[in-house]
Amino acid sequence: MANHEILRMLIDTHCHYNHPQMNQNQSDVPDTLQRARLAGVKAHIVVGYDLESSRRAVALADKYSDIAAAVGLHPHDASEWSTEFESLIYSWANNPNVVAIGEIGLDYYRNLSPKDKQQEVFKRQLDLAEHVQLPVIIHCREAYDDALGILNRESVKKLGGVMHCWAGEPEQALATVRLGMFLGIGGTSTYVKATNVHASIEATPLDCLLFETDAPYLTPMPFRGKRNEPSYLPLVAERVAELKRVPVSSAQASVWNNSVRCFPRLQCITEASL
Ligand SMILES: [Zn+2]
Ligand SMILES: [Zn+2]
């Protein structure tokens with residue numbers, strides 16, 4: 001089947017319509033969302049990274065039926081953790097449009113908050129996810145060993161989640177899926193030099209992968225250099241299908257099911273969008 005004949009059915013499990021770069025003017029979000037719908041993206045998870053972006057993610061999820069939200073504090077901003085933020089996350093988690101806690105985790109590449117503070121806030125938010133019984137969206141950069149150590153707990157094995165924007169080695173990918181977590185595959189999979197990402201995709205069963213754009217970041221080829229947006233998600237699906245040596249339609253169908261398994265609250269949103 002030629003590509004243009006494939007019925008697109010995709011979920012962008014990680015994007016930032018809540019980011020200033022995706023809100024350049026009043027029509028930016030509705031226009032970008034419309035392009036994504038035309039490209040076959042049926043649902044989006046807008047992921048918070050601090051208090052204000054989490055608040056915006058929830059507002060977008062309440063406004064648009066094909067948007068769900070995740071709320072949490074990014075490791076870059078771990079120093080900003082407060083009891084106020086913690087109680088806000090608890091109240092947001094009661095909203096059925098909030099499908100996960102994230103993005104949370106560790107980032108030793110930029111170390112914008114001290115390592116020990118990042119670890120403390122990461123653990124606090126894992127406790128919180130356990131209390132509200134939601135899966136987690138993990139941001140991890142140059143910190144896989146520490147992150148996997150912290151994630152090795154019963155609640156994570158039970159509630160699961162995703163290691164978003166996968167950038168690790170194949171052995172780390174297998175260790176991640178052994179914890180019951182999915183790998184979030186994004187635009188880096190289309191980069192020629194990202195051989196560790198390609199090898200990770202080849203080594204990991206298809207039923208452990210999710211698709212994401214992380215828009216406005218990490219634009220896939222051939223649009224690298226432009227602002228990323230969810231309408232480019234089919235490029236990720238095509239690259240993953242190629243690496244897994246399966247038809248794009250079957251990669252899409254598997255990953256759709258994976259997304260709903262990972263985020264049970266997505267079920268209502270995806271059913272309504274079909
Ligand atoms: Zn991230
Ligand atoms: Zn992100």
# chains A, B, ... in the order shown; residues from 1 in each chain; ligands from 1
call {"tool": "residues_around", "arguments": {"residues": "Gln172 (chain A)", "least_positions_apart": "5", "cutoff": "9 Å", "atoms": "only C-alpha atoms", "output": "list in words"}}
result
Tyr144, Asp145, Leu148, Val177 and Ser200 of chain A
call {"tool": "residues_near_ligand", "arguments": {"ligand": "ligand 1", "cutoff": "7 Å", "atoms": "only C-alpha atoms and all ligand atoms", "output": "JSON, numbers by chain"}}
result
{"A": [103, 139, 164, 165]}
call {"tool": "residues_around", "arguments": {"residues": "Val46 (chain A)", "least_positions_apart": "3", "cutoff": "7 Å", "atoms": "only C-alpha atoms", "output": "PDB file with N, CA and C atoms, in the first residue's frame"}}
result
ATOM      1  N   HIS A  14       3.509  13.023  23.646  1.00  0.00           N
ATOM      2  CA  HIS A  14       4.305  14.031  24.359  1.00  0.00           C
ATOM      3  C   HIS A  14       4.497  15.255  23.465  1.00  0.00           C
ATOM      4  N   CYS A  15       3.773  16.313  23.752  1.00  0.00           N
ATOM      5  CA  CYS A  15       3.991  17.563  23.015  1.00  0.00           C
ATOM      6  C   CYS A  15       3.654  18.727  23.939  1.00  0.00           C
ATOM      7  N   HIS A  16       4.052  19.907  23.504  1.00  0.00           N
ATOM      8  CA  HIS A  16       3.956  21.087  24.379  1.00  0.00           C
ATOM      9  C   HIS A  16       3.203  22.238  23.710  1.00  0.00           C
ATOM     10  N   TYR A  17       1.907  22.032  23.487  1.00  0.00           N
ATOM     11  CA  TYR A  17       1.065  23.161  23.050  1.00  0.00           C
ATOM     12  C   TYR A  17       1.017  24.235  24.138  1.00  0.00           C
ATOM     13  N   ASN A  18       1.517  23.886  25.321  1.00  0.00           N
ATOM     14  CA  ASN A  18       1.550  24.827  26.448  1.00  0.00           C
ATOM     15  C   ASN A  18       2.827  25.678  26.448  1.00  0.00           C
ATOM     16  N   ALA A  57      -1.551  23.162  30.469  1.00  0.00           N
ATOM     17  CA  ALA A  57      -1.858  21.841  29.896  1.00  0.00           C
ATOM     18  C   ALA A  57      -3.268  21.420  30.291  1.00  0.00           C
ATOM     19  N   ILE A  67      -7.225  16.668  23.317  1.00  0.00           N
ATOM     20  CA  ILE A  67      -6.019  16.925  24.120  1.00  0.00           C
ATOM     21  C   ILE A  67      -6.229  16.392  25.535  1.00  0.00           C
ATOM     22  N   ALA A  68      -5.210  15.677  26.026  1.00  0.00           N
ATOM     23  CA  ALA A  68      -5.158  15.262  27.428  1.00  0.00           C
ATOM     24  C   ALA A  68      -3.945  15.959  28.046  1.00  0.00           C
ATOM     25  N   ALA A  69      -3.879  15.971  29.364  1.00  0.00           N
ATOM     26  CA  ALA A  69      -2.787  16.691  30.026  1.00  0.00           C
ATOM     27  C   ALA A  69      -1.984  15.774  30.936  1.00  0.00           C
ATOM     28  N   ALA A  70      -0.719  16.160  31.149  1.00  0.00           N
ATOM     29  CA  ALA A  70       0.102  15.599  32.217  1.00  0.00           C
ATOM     30  C   ALA A  70       0.621  16.773  33.029  1.00  0.00           C
TER      31      ALA A  70
END
call {"tool": "residues_around", "arguments": {"residues": "Leu209 (chain A)", "least_positions_apart": "3", "cutoff": "12 Å", "atoms": "only C-alpha atoms", "output": "MDAnalysis selection string"}}
result
chainID A and resid 11 13 161:166 173:174 176:177 180:186 200:206 212 236:237 240:241 244 251:262
call {"tool": "select_by_dssp", "arguments": {"residues": "region 199-253 of chain A", "states": "alpha helix (DSSP H)", "output": "list in words"}}
result
Ala199, Ser200, Ile201, Glu202, Ala203, Leu233, Pro234, Leu235, Val236, Ala237, Glu238, Arg239, Val240, Ala241, Glu242, Leu243, Lys244, Val248, Ser249, Ser250, Ala251, Gln252 and Ala253 of chain A
call {"tool": "write_last_selection", "arguments": {"atoms": "N, CA and C atoms", "output": "CSV table (one decimal), in the first residue's frame"}}
result
chain,number,residue,atom,x,y,z
A,199,ALA,N,19.3,1.3,17.3
A,199,ALA,CA,19.5,0.0,17.8
A,199,ALA,C,18.6,-0.3,19.0
A,200,SER,N,18.2,0.7,19.8
A,200,SER,CA,17.2,0.5,20.8
A,200,SER,C,15.9,0.1,20.3
A,201,ILE,N,15.4,0.8,19.2
A,201,ILE,CA,14.1,0.5,18.6
A,201,ILE,C,14.2,-1.0,18.1
A,202,GLU,N,15.3,-1.3,17.4
A,202,GLU,CA,15.4,-2.7,16.9
A,202,GLU,C,15.4,-3.7,18.0
A,203,ALA,N,16.0,-3.4,19.1
A,203,ALA,CA,16.1,-4.4,20.2
A,203,ALA,C,14.8,-4.5,21.1
A,233,LEU,N,4.3,13.9,13.2
A,233,LEU,CA,4.3,12.6,13.9
A,233,LEU,C,4.4,11.4,12.9
A,234,PRO,N,3.7,11.5,11.7
A,234,PRO,CA,3.8,10.4,10.8
A,234,PRO,C,5.2,10.0,10.4
A,235,LEU,N,6.1,11.0,10.4
A,235,LEU,CA,7.5,10.7,10.0
A,235,LEU,C,8.2,9.8,11.0
A,236,VAL,N,7.8,9.9,12.3
A,236,VAL,CA,8.3,9.1,13.3
A,236,VAL,C,7.7,7.7,13.1
A,237,ALA,N,6.4,7.6,12.9
A,237,ALA,CA,5.8,6.3,12.7
A,237,ALA,C,6.4,5.5,11.5
A,238,GLU,N,6.7,6.3,10.4
A,238,GLU,CA,7.3,5.6,9.2
A,238,GLU,C,8.7,5.1,9.5
A,239,ARG,N,9.5,5.9,10.3
A,239,ARG,CA,10.9,5.5,10.6
A,239,ARG,C,10.9,4.3,11.5
A,240,VAL,N,10.0,4.2,12.5
A,240,VAL,CA,9.9,3.1,13.4
A,240,VAL,C,9.4,1.8,12.7
A,241,ALA,N,8.5,2.0,11.8
A,241,ALA,CA,8.0,0.8,11.0
A,241,ALA,C,9.2,0.3,10.1
A,242,GLU,N,10.0,1.2,9.6
A,242,GLU,CA,11.1,0.8,8.7
A,242,GLU,C,12.1,0.0,9.6
A,243,LEU,N,12.4,0.5,10.8
A,243,LEU,CA,13.4,-0.1,11.7
A,243,LEU,C,12.9,-1.5,12.2
A,244,LYS,N,11.6,-1.6,12.4
A,244,LYS,CA,11.0,-2.8,12.9
A,244,LYS,C,10.6,-3.8,11.7
A,248,VAL,N,3.7,0.2,7.9
A,248,VAL,CA,3.4,1.4,8.8
A,248,VAL,C,2.0,1.2,9.4
A,249,SER,N,1.1,0.6,8.7
A,249,SER,CA,-0.3,0.5,9.3
A,249,SER,C,-0.2,-0.4,10.5
A,250,SER,N,0.6,-1.5,10.5
A,250,SER,CA,0.6,-2.4,11.7
A,250,SER,C,1.4,-1.7,12.8
A,251,ALA,N,2.4,-1.0,12.5
A,251,ALA,CA,3.2,-0.2,13.6
A,251,ALA,C,2.2,0.7,14.3
A,252,GLN,N,1.4,1.5,13.5
A,252,GLN,CA,0.5,2.4,14.0
A,252,GLN,C,-0.5,1.8,14.9
A,253,ALA,N,-1.1,0.6,14.5
A,253,ALA,CA,-2.1,0.0,15.2
A,253,ALA,C,-1.6,-0.5,16.6
call {"tool": "select_by_dssp", "arguments": {"residues": "region 107-241 of chain A", "states": "strand (DSSP E)", "output": "ChimeraX atom specification"}}
result
/A:107,136-141,161-163,181-185,209-211
call {"tool": "atom_distance", "arguments": {"atom1": "CA of Trp81 (chain A)", "atom2": "CA of Ala147 (chain A)"}}
result
18.6 Å
call {"tool": "closest_residue", "arguments": {"among": "A:Asp214, A:Glu271, A:Glu229, A:Glu142", "to": "ligand 2", "atoms": "only C-alpha atoms and all ligand atoms"}}
result
A:Asp214
